[in-house]
Protein chains: 2
Amino acid sequence: MPRSCVRELLSSRPGSDLISFGGGVPHHSCVPLKDIQAAFETVCTRHGAQAFSYGSSEGEPELRDYIASEWLPRFGVDARPDEILIVNGSQQALDLVAKVLIDPGSAVAVERPTYLAALQAFSAYEPVYREVPLDECGPMPDALATHLQTAGCRFFYTIPSFQNPSGACCTLGRRREIVEVMNRSNALLVEDDPYSQLYYEKKPPLPLCALGASRPVLLGTFSKLVAPGLRLGWVWARSETMRHLVVAKQAADLCTGRFSQFLVLETLRRLDIDSHLSMIRAVYKSKRDAMHMALTASLADLCAWPLPAGGMFFWVKLRYADVPVRRLLARCIKNRVAFADGASFFATPSAQSFMRLNFTQPTPSEMTEGLMRMRRVLAE
Amino acid sequence: MPRSCVRELLSSRPGSDLISFGGGVPHHSCVPLKDIQAAFETVCTRHGAQAFSYGSSEGEPELRDYIASEWLPRFGVDARPDEILIVNGSQQALDLVAKVLIDPGSAVAVERPTYLAALQAFSAYEPVYREVPLDECGPMPDALATHLQTAGCRFFYTIPSFQNPSGACCTLGRRREIVEVMNRSNALLVEDDPYSQLYYEKKPPLPLCALGASRPVLLGTFSKLVAPGLRLGWVWARSETMRHLVVAKQAADLCTGRFSQFLVLETLRRLDIDSHLSMIRAVYKSKRDAMHMALTASLADLCAWPLPAGGMFFWVKLRYADVPVRRLLARCIKNRVAFADGASFFATPSAQSFMRLNFTQPTPSEMTEGLMRMRRVLAE
């Protein structure tokens, strides 16, 4: 199993002067602390010590009801509460999906590039990766169709909205094509949707799982809407898939913390969700623009990048393909600036050199200073 | 992968009149709710929104320091903070240990009987089980030695103090023998210790991991001391094992909730731990005695059981070995009483029939009523 370069950065003790563009960390101003505090009072009053007991492996019924009846209809998804599983952040869903679906040597289709922690979760179960390239409209249907036919892939893992790391947003037309290709095979569509509400230009199309996918597995998270440190995500899948995921969840950790579930549910009930999301989008849009300016000022001659229309990252390509990014990162860390090595986002090695830079966490002055530090190392 | 009969019981919606002896659920009166509430205030004041951010995969440094310097010395374990990994309840540690150590077909030594959820966690990775019988002093060293020599077991999983489900407590002499046997092999000693502080007669001996085991992996939990619904446990292992567990943790769910860790740490700092544990022991001892009386009154002619000197369960043997316990349980549930089917605690089938009955959760009148319901079904 590969180690995660992003996780390694987070494990250093705090109090350092490191400027990190590494993780996909929500900004603290977007955490609704006052609402969480008020929600805590409500949870203690309503549930008392029972809030701190074991719960069911599937998750708290009230939260599953909320997701099915209040959250998913926003995305055109018609789900029953018993088709929802609550997990410790959607990362755990990636692990459970892999545990249920991958035997050593199973073929799995992933985008190229794709989320490094998904590769990490899957790789523990020893799949063979089939990579689907991305163009400006999203993953390429012909390549996907070929992989599904020739390799008998167990599933296709995709992040259609503001893909991690590339930032690309799959068009509606392409989504329909992908669904059509998927529905001609027996593979599951594992759709990861952490970012669709973090759009800074226009709202992305509906998820593929709402566009007629016949074997849908949709992953969602409250990390971006409420707070990542409560570790709450969810999976929607049909019952024939869900019953296997539930057994895997039983074995993985018995259940997700009941208290966190109550706390998030009460917080959601208190929040005006639309205006909270608007606030988050405004904060991140201004950070994205600041990062774009800082990048242009410091790295334009050495790197190229598309402006991401949503999400949390710039996907920055080095103009000189032979730059050893791993060594560059090590040098940068010595100079107190960090990012995610693009190589970690490829299931098989890439000839090009990339860096993934987060813009939701640093302040504008940290962006300027951090990118200056990077420039000095790169110029060397 | 087998489903968990205990977890299935917990997934039924609340509000039923079912009396459950199924799960190992702490009693709500043992949850220090007032201290948790006060701790919440402290956490919000001290950490603000940062308490709700991502943390490191290893766990919060302060909590790891606490476990190494304040908790483990109580048990004679000399650990460094960087040898501690925080997990979502010790169940997750079982999954991570299995993910790191088991390849399909690997031999693994377990007690006979052993904890059903450990079997569930391990079985996902397709090991071959080697079972070590228990006598009145603990697991039998000769059987263990034979398995280690002939099968090359990857690890031996043991619960020496108030074993789940048998309630047996391994003697000091036997612990030393087991350590000696383990140290002649390359297998890891995976020691699970959820119950050593729940003693109702005398304090159990030190853990095997404090008695010179050379490849120790010690699992602990805050579920019994503070609350299970915060899902916090920990693992102590030497660095050569720990680095693999950390990568598995990264892939499993990135990190344990930062907020829960701060909340438990502040609660522990506020609690007078010795008097809190004394209170819990007093509550459970009286419940154990009530259960013993109720069992004697209702099932003595049909069943036999040892009085557990600690832990949370009676391990009840049916006097008639050919009773199909699975069907019995189904009939009992129809009659609104539940327990854990003893068959789930055996890696390979047993000729004898057992039931595991929890005594920490039900009230004395629920015990009487629940056992009367069971008697009616059994008598039929």
# chains A, B, ... in the order shown; residues from 1 in each chain; ligands from 1

call {"tool": "residues_around", "arguments": {"residues": "Glu191 (chain B)", "least_positions_apart": "3", "cutoff": "6 Å", "atoms": "only C-alpha atoms", "output": "list in words"}}
result
Thr158, Ile159 and Leu218 of chain B

call {"tool": "residues_around", "arguments": {"residues": "Arg319 (chain A)", "least_positions_apart": "6", "cutoff": "9 Å", "atoms": "only C-alpha atoms", "output": "list in words"}}
result
Asp301, Leu302, Cys303, Ala304, Gln352 and Ser353 of chain A

call {"tool": "interface_residues", "arguments": {"of": "chain B", "to": "chain A", "cutoff": "6 Å", "atoms": "only C-alpha atoms", "output": "MDAnalysis selection string"}}
result
chainID B and resid 3 10:11 28 49 52:54 56 91:92 95 120:121 227:231 247 251:253 257:259

call {"tool": "write_last_selection", "arguments": {"atoms": "N, CA and C atoms", "output": "tab-separated table (two decimals), in the first residue's frame"}}
result
chain	number	residue	atom	x	y	z
B	3	ARG	N	-22.41	-12.00	8.62
B	3	ARG	CA	-23.09	-10.87	9.24
B	3	ARG	C	-22.97	-11.02	10.75
B	10	LEU	N	-29.11	-4.53	16.76
B	10	LEU	CA	-29.02	-3.08	17.02
B	10	LEU	C	-29.62	-2.26	15.89
B	11	SER	N	-29.78	-2.87	14.71
B	11	SER	CA	-30.26	-2.07	13.59
B	11	SER	C	-31.78	-1.95	13.54
B	28	HIS	N	-26.30	3.51	30.60
B	28	HIS	CA	-26.27	4.97	30.41
B	28	HIS	C	-25.88	5.71	31.69
B	49	ALA	N	-13.03	26.63	15.85
B	49	ALA	CA	-13.36	25.85	14.66
B	49	ALA	C	-12.30	24.81	14.34
B	52	PHE	N	-12.86	21.14	14.71
B	52	PHE	CA	-13.70	20.44	13.74
B	52	PHE	C	-13.01	20.24	12.40
B	53	SER	N	-11.68	20.42	12.38
B	53	SER	CA	-10.93	20.25	11.15
B	53	SER	C	-10.39	18.82	11.05
B	54	TYR	N	-9.75	18.52	9.91
B	54	TYR	CA	-9.05	17.25	9.78
B	54	TYR	C	-7.91	17.21	10.78
B	56	SER	N	-4.37	14.50	12.08
B	56	SER	CA	-3.43	13.55	11.50
B	56	SER	C	-4.01	12.14	11.58
B	91	GLN	N	-12.62	-1.84	17.52
B	91	GLN	CA	-13.01	-2.66	16.36
B	91	GLN	C	-12.22	-2.26	15.12
B	92	GLN	N	-12.01	-0.96	14.93
B	92	GLN	CA	-11.25	-0.56	13.75
B	92	GLN	C	-9.82	-1.09	13.80
B	95	ASP	N	-9.73	-4.45	12.34
B	95	ASP	CA	-9.76	-4.40	10.88
B	95	ASP	C	-8.39	-4.02	10.32
B	120	GLN	N	-15.29	-11.57	12.48
B	120	GLN	CA	-15.87	-10.91	11.31
B	120	GLN	C	-14.82	-10.02	10.62
B	121	ALA	N	-14.09	-9.24	11.42
B	121	ALA	CA	-13.06	-8.37	10.85
B	121	ALA	C	-11.99	-9.19	10.14
B	227	ALA	N	-17.56	6.60	26.88
B	227	ALA	CA	-18.80	6.33	26.17
B	227	ALA	C	-18.49	5.66	24.84
B	228	PRO	N	-19.30	4.68	24.44
B	228	PRO	CA	-19.04	3.98	23.18
B	228	PRO	C	-19.38	4.81	21.95
B	229	GLY	N	-20.35	5.75	22.10
B	229	GLY	CA	-20.84	6.49	20.94
B	229	GLY	C	-19.88	7.55	20.44
B	230	LEU	N	-18.76	7.74	21.15
B	230	LEU	CA	-17.73	8.62	20.62
B	230	LEU	C	-16.74	7.84	19.76
B	231	ARG	N	-16.85	6.51	19.79
B	231	ARG	CA	-16.02	5.63	18.94
B	231	ARG	C	-14.55	5.96	19.04
B	247	VAL	N	-0.53	3.52	7.66
B	247	VAL	CA	-0.89	3.59	6.24
B	247	VAL	C	-2.28	2.98	6.03
B	251	ALA	N	-5.76	4.94	4.57
B	251	ALA	CA	-6.63	4.44	3.50
B	251	ALA	C	-8.04	4.17	4.00
B	252	ALA	N	-8.17	3.81	5.28
B	252	ALA	CA	-9.48	3.40	5.80
B	252	ALA	C	-10.42	4.58	5.97
B	253	ASP	N	-9.93	5.70	6.50
B	253	ASP	CA	-10.83	6.85	6.69
B	253	ASP	C	-10.09	8.16	6.96
B	257	GLY	N	-12.06	11.27	14.05
B	257	GLY	CA	-12.60	12.61	14.27
B	257	GLY	C	-11.81	13.36	15.33
B	258	ARG	N	-11.35	14.55	14.95
B	258	ARG	CA	-10.55	15.35	15.85
B	258	ARG	C	-11.37	15.80	17.05
B	259	PHE	N	-12.60	16.18	16.78
B	259	PHE	CA	-13.47	16.69	17.82
B	259	PHE	C	-13.72	15.64	18.91

call {"tool": "residues_around", "arguments": {"residues": "Cys169 (chain A)", "least_positions_apart": "3", "cutoff": "8 Å", "atoms": "only C-alpha atoms", "output": "PyMOL selection string"}}
result
chain A and resi 137-138+160-163+204+309

call {"tool": "select_by_dssp", "arguments": {"residues": "region 24-229 of chain B", "states": "strand (DSSP E)", "output": "ChimeraX atom specification"}}
result
/B:84-87,107-112,128-135,138-139,155-158,188-192,216-221

call {"tool": "write_last_selection", "arguments": {"atoms": "C-alpha atoms", "output": "short mmCIF file (atom, residue, chain, number, x, y, z; two decimals), in the first residue's frame"}}
result
data_model
loop_
_atom_site.label_atom_id
_atom_site.label_comp_id
_atom_site.auth_asym_id
_atom_site.auth_seq_id
_atom_site.Cartn_x
_atom_site.Cartn_y
_atom_site.Cartn_z
CA ILE B 84 0.07 5.01 19.74
CA LEU B 85 -2.53 5.12 16.96
CA ILE B 86 -6.03 6.50 17.63
CA VAL B 87 -8.84 4.51 15.99
CA ALA B 107 -2.82 -18.76 9.35
CA VAL B 108 -4.10 -16.83 12.35
CA ALA B 109 -4.39 -18.19 15.91
CA VAL B 110 -7.51 -17.32 17.90
CA GLU B 111 -9.03 -18.52 21.15
CA ARG B 112 -11.90 -20.99 21.12
CA VAL B 128 -7.17 -19.95 7.94
CA TYR B 129 -8.00 -20.12 11.65
CA ARG B 130 -6.02 -22.15 14.18
CA GLU B 131 -7.97 -22.39 17.42
CA VAL B 132 -6.46 -22.42 20.89
CA PRO B 133 -8.77 -23.98 23.50
CA LEU B 134 -9.28 -22.27 26.87
CA ASP B 135 -9.10 -24.01 30.23
CA GLY B 138 -6.60 -19.21 30.04
CA PRO B 139 -5.52 -20.25 26.53
CA PHE B 155 -0.55 -13.44 14.94
CA PHE B 156 -2.35 -14.76 18.00
CA TYR B 157 -5.46 -12.82 18.99
CA THR B 158 -6.26 -13.03 22.70
CA LEU B 188 2.58 -10.86 16.71
CA LEU B 189 0.69 -10.92 19.99
CA VAL B 190 -2.58 -9.04 19.38
CA GLU B 191 -3.96 -8.45 22.87
CA ASP B 192 -7.42 -6.98 23.19
CA PRO B 216 3.17 -6.60 21.09
CA VAL B 217 0.00 -5.09 19.64
CA LEU B 218 -2.25 -3.89 22.47
CA LEU B 219 -5.79 -2.69 21.75
CA GLY B 220 -7.69 -0.43 24.13
CA THR B 221 -10.92 1.52 24.09
#

call {"tool": "select_by_dssp", "arguments": {"residues": "region 55-237 of chain A", "states": "alpha helix (DSSP H)", "output": "PyMOL selection string"}}
result
chain A and resi 61-66+89-101+116-123+141-151+172-183

call {"tool": "residues_around", "arguments": {"residues": "Pro205 (chain A)", "least_positions_apart": "2", "cutoff": "7 Å", "atoms": "only C-alpha atoms", "output": "list in words"}}
result
Thr171, Leu172, Lys203 and Pro207 of chain A

call {"tool": "residues_around", "arguments": {"residues": "Glu70 (chain A)", "least_positions_apart": "2", "cutoff": "12 Å", "atoms": "only C-alpha atoms", "output": "MDAnalysis selection string"}}
result
chainID A and resid 62:68 72:81 265 268:269 273

call {"tool": "atom_distance", "arguments": {"atom1": "CA of Phe354 (chain B)", "atom2": "CA of Val323 (chain B)"}}
result
9.2 Å

call {"tool": "atom_distance", "arguments": {"atom1": "CA of Met242 (chain A)", "atom2": "CA of Glu83 (chain A)"}}
result
6.5 Å

call {"tool": "residues_around", "arguments": {"residues": "Gly167 (chain B)", "least_positions_apart": "6", "cutoff": "10 Å", "atoms": "only C-alpha atoms", "output": "ChimeraX atom specification"}}
result
/B:159-161,195,306-315,356

call {"tool": "write_last_selection", "arguments": {"atoms": "N, CA, C and O atoms", "output": "JSON list (two decimals), in the first residue's frame"}}
result
[["chain", "number", "residue", "atom", "x", "y", "z"],
["B", 159, "ILE", "N", -7.87, -12.26, 24.33],
["B", 159, "ILE", "CA", -8.53, -11.31, 25.24],
["B", 159, "ILE", "C", -8.34, -11.89, 26.64],
["B", 159, "ILE", "O", -9.20, -12.60, 27.15],
["B", 160, "PRO", "N", -7.20, -11.60, 27.27],
["B", 160, "PRO", "CA", -6.88, -12.35, 28.50],
["B", 160, "PRO", "C", -7.76, -12.01, 29.70],
["B", 160, "PRO", "O", -7.97, -12.87, 30.55],
["B", 161, "SER", "N", -8.27, -10.78, 29.77],
["B", 161, "SER", "CA", -9.02, -10.39, 30.97],
["B", 161, "SER", "C", -10.51, -10.37, 30.70],
["B", 161, "SER", "O", -10.99, -9.53, 29.93],
["B", 195, "TYR", "N", -11.82, -4.95, 28.88],
["B", 195, "TYR", "CA", -12.57, -5.21, 30.12],
["B", 195, "TYR", "C", -11.72, -5.25, 31.39],
["B", 195, "TYR", "O", -12.27, -5.47, 32.46],
["B", 306, "PRO", "N", -20.59, -20.29, 34.28],
["B", 306, "PRO", "CA", -19.72, -19.82, 35.35],
["B", 306, "PRO", "C", -20.10, -18.38, 35.72],
["B", 306, "PRO", "O", -20.59, -17.64, 34.86],
["B", 307, "LEU", "N", -19.86, -18.02, 36.97],
["B", 307, "LEU", "CA", -20.08, -16.62, 37.38],
["B", 307, "LEU", "C", -18.91, -15.80, 36.85],
["B", 307, "LEU", "O", -17.76, -16.06, 37.24],
["B", 308, "PRO", "N", -19.15, -14.83, 35.95],
["B", 308, "PRO", "CA", -18.01, -14.05, 35.43],
["B", 308, "PRO", "C", -17.45, -13.11, 36.51],
["B", 308, "PRO", "O", -18.21, -12.42, 37.18],
["B", 309, "ALA", "N", -16.13, -13.08, 36.65],
["B", 309, "ALA", "CA", -15.50, -12.23, 37.67],
["B", 309, "ALA", "C", -15.25, -10.82, 37.14],
["B", 309, "ALA", "O", -14.70, -9.97, 37.84],
["B", 310, "GLY", "N", -15.66, -10.57, 35.91],
["B", 310, "GLY", "CA", -15.49, -9.24, 35.32],
["B", 310, "GLY", "C", -16.16, -9.20, 33.96],
["B", 310, "GLY", "O", -16.80, -10.17, 33.53],
["B", 311, "GLY", "N", -16.04, -8.06, 33.27],
["B", 311, "GLY", "CA", -16.59, -7.95, 31.92],
["B", 311, "GLY", "C", -18.08, -7.68, 31.90],
["B", 311, "GLY", "O", -18.62, -7.10, 32.85],
["B", 312, "MET", "N", -18.74, -8.11, 30.85],
["B", 312, "MET", "CA", -20.12, -7.71, 30.59],
["B", 312, "MET", "C", -21.07, -8.86, 30.28],
["B", 312, "MET", "O", -22.22, -8.62, 29.92],
["B", 313, "PHE", "N", -20.57, -10.12, 30.35],
["B", 313, "PHE", "CA", -21.37, -11.22, 29.80],
["B", 313, "PHE", "C", -21.41, -12.47, 30.68],
["B", 313, "PHE", "O", -20.42, -12.78, 31.34],
["B", 314, "PHE", "N", -22.54, -13.17, 30.61],
["B", 314, "PHE", "CA", -22.61, -14.58, 31.03],
["B", 314, "PHE", "C", -22.50, -15.44, 29.78],
["B", 314, "PHE", "O", -23.15, -15.16, 28.76],
["B", 315, "TRP", "N", -21.70, -16.49, 29.89],
["B", 315, "TRP", "CA", -21.53, -17.45, 28.79],
["B", 315, "TRP", "C", -22.27, -18.71, 29.22],
["B", 315, "TRP", "O", -21.82, -19.44, 30.09],
["B", 356, "ARG", "N", -24.67, -16.09, 24.63],
["B", 356, "ARG", "CA", -23.97, -15.05, 25.39],
["B", 356, "ARG", "C", -25.00, -14.02, 25.83],
["B", 356, "ARG", "O", -25.75, -13.49, 25.00]]
